[in-house]
Amino acid sequence: MSDIIQLLPDHVANQIAAGEVVQRPASIVKELLENAIDAQATKVELIIRDAGKNLVQVVDNGIGMSETDARMAFERHATSKIRTTDDIFKISSKGFRGEALASIAAVAQVELKTKKQGAPAGTNIYIEGGGLQFQEPVQTAEGSNISVKNLFYNVPARRKFLKNNNVEFRHIIDEFQRVALAHPDIEFDLFHNDDIIFRLRRGTPMHRVVEIFGRKLQPLLIPIKEDLDWIKLNGYVAKPEGAKKVRGEQFFFVNNRFFKSPYLNRAVQDAFEGLLLPGYLPSFFLFLEIDPEKIDVNIHPQKTEVKFEDENLIFALVRSTIKKALGIYNIAPSLDFDRDPQMDEFFKSQPSGSAMNSSSSSVSVSRDFNPFKEESSVSATGIVNLQEMYDQNISAAPSKINLFEDEDFDEDLMRLPNGYWLFNKGDKTLMLDLGRMHRIVVADRNKGKKRSTESQSLLFSLEYHMNEIEKNKYKSIKKFLPGLGFDMTIAHESVLRIDAVPEGLKDTQVIKFLENLFEILEYRTEEDFMNYYEYQWNKLHSKSRFDFIYKYEAEELIKEFTKIGFPNYTPNGKKCFIELPLEELKNKF
């Protein structure tokens, strides 16, 4: 029987490896930007065309490569970052695996022009589908200029699975932001289809955050700093009013490398316990500095997973440092453990000879006085000591406020303190979210109705400061806005001036409505805009579950909700109610 195991050709092996390294254009952006940083660049330009499907180009002013190094860079497992096995456990560079350029070249057409500093001439290399087409001397600027064209041109099945341009470009922006935030000392420019998207100058970490996410975030940022012998933590968290329902402003870095960690995200969330509404996520930009030997970044080719030597200690550090900062800035209550509780008893804290305890500080009052009676009389002999009056009142039991009306304790419907309601529907007991139910009812009322698109002019124009991402989204939807009743223009740079809004939109709701619109457009196409606009409009005019405090309101809503079929989910897939597992609850007794 003949042998069946064979060594794969290099071009096949490279395409297999490319499946892990190059998942979409954003993967190429990440690898090329990190290479530019490892090359000690102080200025980096990222040029994108058609969301990276047709061109990803990175130009840097780094140290450049020699003729030999330029050719070796495209070989698998060729790297300048490590030499021995020990180097893997003390990595300080961005790249180290030596497979990114080989993988990229296997599924695209790649051209590299590079020149070492002080060299008389540079090198031009062109590789197509992993095969070298030519290499020749060229006059070029110092540094490197690498262009990746026609991604997946030789793997049409992979190209077919790429998303639309809006989605792919949003992923590119994600990768660009991660690299730019980690290196505020480097200039970055991002161009898309010849439009400038970002132009980031050198500055402090605070400047970089504000440049990317907009000036409106600056007053919300709280500095975080903790310096221990084995680790340093610094960065910023946003105040609770800066929290959002969508992800996008949560960043962890270790040794200037972005990484993802649901576990440490939980530490930040715990620090904000009791300060955020359910479903909201705090914004944070946190940087860890730790000995490279105490972390392992060689987990996955994407290099976004990091293992720490003692993750539990880092969890505690992150949570406690943020809680302390929130307390310092009076965001969260701080406890004074040195305070004597007896000092709160004002009268008892007075010395025996003080005026408060003196018998001379007596006032004449009527024990029979009742301000709620139509006729009241004052007894001239009604004299009482103020301290005695205090002692009588302090011994009385505090009044209790009943959060429930008596009628709420009904066998079919009962309100809970957290805003939810219990409802017996047939032989099932449901916990209802009346806010989501009301949203569906409002949408059903508006279904088929042609909503007025008349404008109402604002007495005073409003200004909305957009970051570069929001500005890009605004450009993609502005053609729809006049027909919806909006009159707005970009006044200067990133300021959107709003002169008129649709009827039914209050002045105080405009800014929040626009913020939600921009958030909803995350990973959405222009064609979806109208559907999400209607959803956002209905959401704006519906109540939250905390607005339903009277039983008759809940009953009326349930009747309307039943007429439309008692649907289980909202249009965006969130549950309107859950069934309580009564048998399981009974077993707990």
# chains A, B, ... in the order shown; residues from 1 in each chain; ligands from 1
call {"tool": "select_by_dssp", "arguments": {"residues": "range 26-72 of chain A", "states": "strand (DSSP E or B)", "output": "PyMOL selection string"}}
result
chain A and resi 43-49+55-60
call {"tool": "residues_around", "arguments": {"residues": "Asp50 in chain A", "least_positions_apart": "5", "cutoff": "9 Å", "atoms": "only C-alpha atoms", "output": "list in words"}}
result
Leu55, Asn165, Phe169, His192 and Asn193 of chain A
call {"tool": "closest_residue", "arguments": {"among": "A:Phe285, A:Trp230, A:Val254, A:Arg49", "to": "Arg208 in chain A", "atoms": "only C-alpha atoms"}}
result
A:Phe285
call {"tool": "closest_residue", "arguments": {"among": "A:Ile104, A:Phe253, A:Thr429, A:Asn467", "to": "Gln218 in chain A", "atoms": "only C-alpha atoms"}}
result
A:Asn467
call {"tool": "closest_residue", "arguments": {"among": "A:Asn587, A:Asn255, A:Asn531, A:Ser103", "to": "Lys447 in chain A", "atoms": "only C-alpha atoms"}}
result
A:Asn531
call {"tool": "closest_residue", "arguments": {"among": "A:Glu99, A:Glu175, A:Glu515, A:Glu128", "to": "Glu111 in chain A", "atoms": "only C-alpha atoms"}}
result
A:Glu128
call {"tool": "residues_around", "arguments": {"residues": "range 112-121 of chain A", "least_positions_apart": "5", "cutoff": "8 Å", "atoms": "only C-alpha atoms", "output": "PDB file with N, CA and C atoms, in the first residue's frame"}}
result
ATOM      1  N   ILE A  63      12.179  52.716  10.540  1.00  0.00           N
ATOM      2  CA  ILE A  63      13.585  52.451  10.205  1.00  0.00           C
ATOM      3  C   ILE A  63      13.743  51.792   8.851  1.00  0.00           C
ATOM      4  N   GLY A  64      12.667  51.264   8.264  1.00  0.00           N
ATOM      5  CA  GLY A  64      12.757  50.654   6.942  1.00  0.00           C
ATOM      6  C   GLY A  64      13.466  49.310   6.968  1.00  0.00           C
ATOM      7  N   MET A  65      13.609  48.702   5.770  1.00  0.00           N
ATOM      8  CA  MET A  65      14.227  47.377   5.652  1.00  0.00           C
ATOM      9  C   MET A  65      15.260  47.372   4.536  1.00  0.00           C
ATOM     10  N   SER A  66      16.244  46.501   4.704  1.00  0.00           N
ATOM     11  CA  SER A  66      17.223  46.295   3.641  1.00  0.00           C
ATOM     12  C   SER A  66      16.616  45.420   2.548  1.00  0.00           C
ATOM     13  N   ALA A  70      13.603  42.801   3.330  1.00  0.00           N
ATOM     14  CA  ALA A  70      12.315  43.002   2.668  1.00  0.00           C
ATOM     15  C   ALA A  70      11.817  41.705   2.055  1.00  0.00           C
ATOM     16  N   TYR A 126       7.006  42.970  -5.294  1.00  0.00           N
ATOM     17  CA  TYR A 126       5.610  42.706  -5.641  1.00  0.00           C
ATOM     18  C   TYR A 126       5.358  41.215  -5.552  1.00  0.00           C
ATOM     19  N   PRO A 137      15.410  47.667  -7.287  1.00  0.00           N
ATOM     20  CA  PRO A 137      15.722  48.904  -6.565  1.00  0.00           C
ATOM     21  C   PRO A 137      14.733  50.002  -6.956  1.00  0.00           C
ATOM     22  N   VAL A 138      14.499  50.951  -6.039  1.00  0.00           N
ATOM     23  CA  VAL A 138      13.560  52.025  -6.308  1.00  0.00           C
ATOM     24  C   VAL A 138      13.917  53.229  -5.441  1.00  0.00           C
ATOM     25  N   GLN A 139      13.617  54.408  -5.947  1.00  0.00           N
ATOM     26  CA  GLN A 139      13.764  55.611  -5.137  1.00  0.00           C
ATOM     27  C   GLN A 139      12.460  55.839  -4.368  1.00  0.00           C
ATOM     28  N   THR A 140      12.546  55.865  -3.076  1.00  0.00           N
ATOM     29  CA  THR A 140      11.362  56.024  -2.231  1.00  0.00           C
ATOM     30  C   THR A 140      11.758  56.716  -0.938  1.00  0.00           C
ATOM     31  N   ALA A 141      10.793  57.160  -0.194  1.00  0.00           N
ATOM     32  CA  ALA A 141      11.064  57.836   1.080  1.00  0.00           C
ATOM     33  C   ALA A 141      11.542  56.831   2.123  1.00  0.00           C
ATOM     34  N   GLU A 142      12.262  57.339   3.131  1.00  0.00           N
ATOM     35  CA  GLU A 142      12.709  56.461   4.214  1.00  0.00           C
ATOM     36  C   GLU A 142      11.497  55.932   4.976  1.00  0.00           C
ATOM     37  N   GLY A 143      11.587  54.658   5.354  1.00  0.00           N
ATOM     38  CA  GLY A 143      10.473  53.997   6.013  1.00  0.00           C
ATOM     39  C   GLY A 143       9.896  52.930   5.112  1.00  0.00           C
ATOM     40  N   SER A 144       8.614  52.630   5.279  1.00  0.00           N
ATOM     41  CA  SER A 144       7.973  51.577   4.496  1.00  0.00           C
ATOM     42  C   SER A 144       6.627  52.047   3.978  1.00  0.00           C
ATOM     43  N   ASN A 145       6.283  51.576   2.787  1.00  0.00           N
ATOM     44  CA  ASN A 145       4.993  51.859   2.155  1.00  0.00           C
ATOM     45  C   ASN A 145       4.497  50.539   1.585  1.00  0.00           C
ATOM     46  N   ILE A 146       3.514  49.940   2.261  1.00  0.00           N
ATOM     47  CA  ILE A 146       3.020  48.627   1.855  1.00  0.00           C
ATOM     48  C   ILE A 146       1.554  48.729   1.442  1.00  0.00           C
ATOM     49  N   SER A 147       1.229  48.168   0.285  1.00  0.00           N
ATOM     50  CA  SER A 147      -0.138  48.197  -0.255  1.00  0.00           C
ATOM     51  C   SER A 147      -0.642  46.771  -0.423  1.00  0.00           C
TER      52      SER A 147
END
call {"tool": "decode", "arguments": {"residues": "range 272-286 of chain A", "atoms": "N, CA and C atoms", "output": "compact mmCIF listing (two decimals), in the first residue's frame"}}
result
# COMPACT_ATOMS: atom_id res chain seq x y z
N PHE A 272 -18.89 50.02 39.44
CA PHE A 272 -20.00 50.94 39.19
C PHE A 272 -21.32 50.40 39.75
N GLU A 273 -21.25 49.38 40.59
CA GLU A 273 -22.47 48.76 41.11
C GLU A 273 -23.34 49.80 41.82
N GLY A 274 -24.61 49.84 41.43
CA GLY A 274 -25.56 50.76 42.02
C GLY A 274 -25.56 52.14 41.40
N LEU A 275 -24.67 52.38 40.44
CA LEU A 275 -24.58 53.70 39.80
C LEU A 275 -25.13 53.71 38.39
N LEU A 276 -25.34 52.54 37.79
CA LEU A 276 -25.78 52.45 36.40
C LEU A 276 -27.13 51.76 36.31
N LEU A 277 -27.93 52.18 35.34
CA LEU A 277 -29.18 51.50 35.07
C LEU A 277 -28.90 50.14 34.46
N PRO A 278 -29.80 49.18 34.62
CA PRO A 278 -29.59 47.85 34.03
C PRO A 278 -29.37 47.92 32.53
N GLY A 279 -28.39 47.19 32.05
CA GLY A 279 -28.12 47.14 30.61
C GLY A 279 -27.14 48.18 30.13
N TYR A 280 -26.73 49.11 30.99
CA TYR A 280 -25.79 50.15 30.57
C TYR A 280 -24.36 49.73 30.90
N LEU A 281 -23.43 50.14 30.03
CA LEU A 281 -22.02 49.76 30.17
C LEU A 281 -21.19 51.01 30.39
N PRO A 282 -20.30 51.00 31.39
CA PRO A 282 -19.45 52.17 31.60
C PRO A 282 -18.37 52.27 30.52
N SER A 283 -17.99 53.49 30.19
CA SER A 283 -16.88 53.71 29.26
C SER A 283 -15.58 53.76 30.06
N PHE A 284 -14.54 53.10 29.54
CA PHE A 284 -13.26 53.13 30.25
C PHE A 284 -12.11 52.93 29.26
N PHE A 285 -10.95 53.50 29.64
CA PHE A 285 -9.72 53.41 28.85
C PHE A 285 -8.61 53.15 29.86
N LEU A 286 -8.28 51.89 30.08
CA LEU A 286 -7.39 51.51 31.16
C LEU A 286 -6.12 50.86 30.62
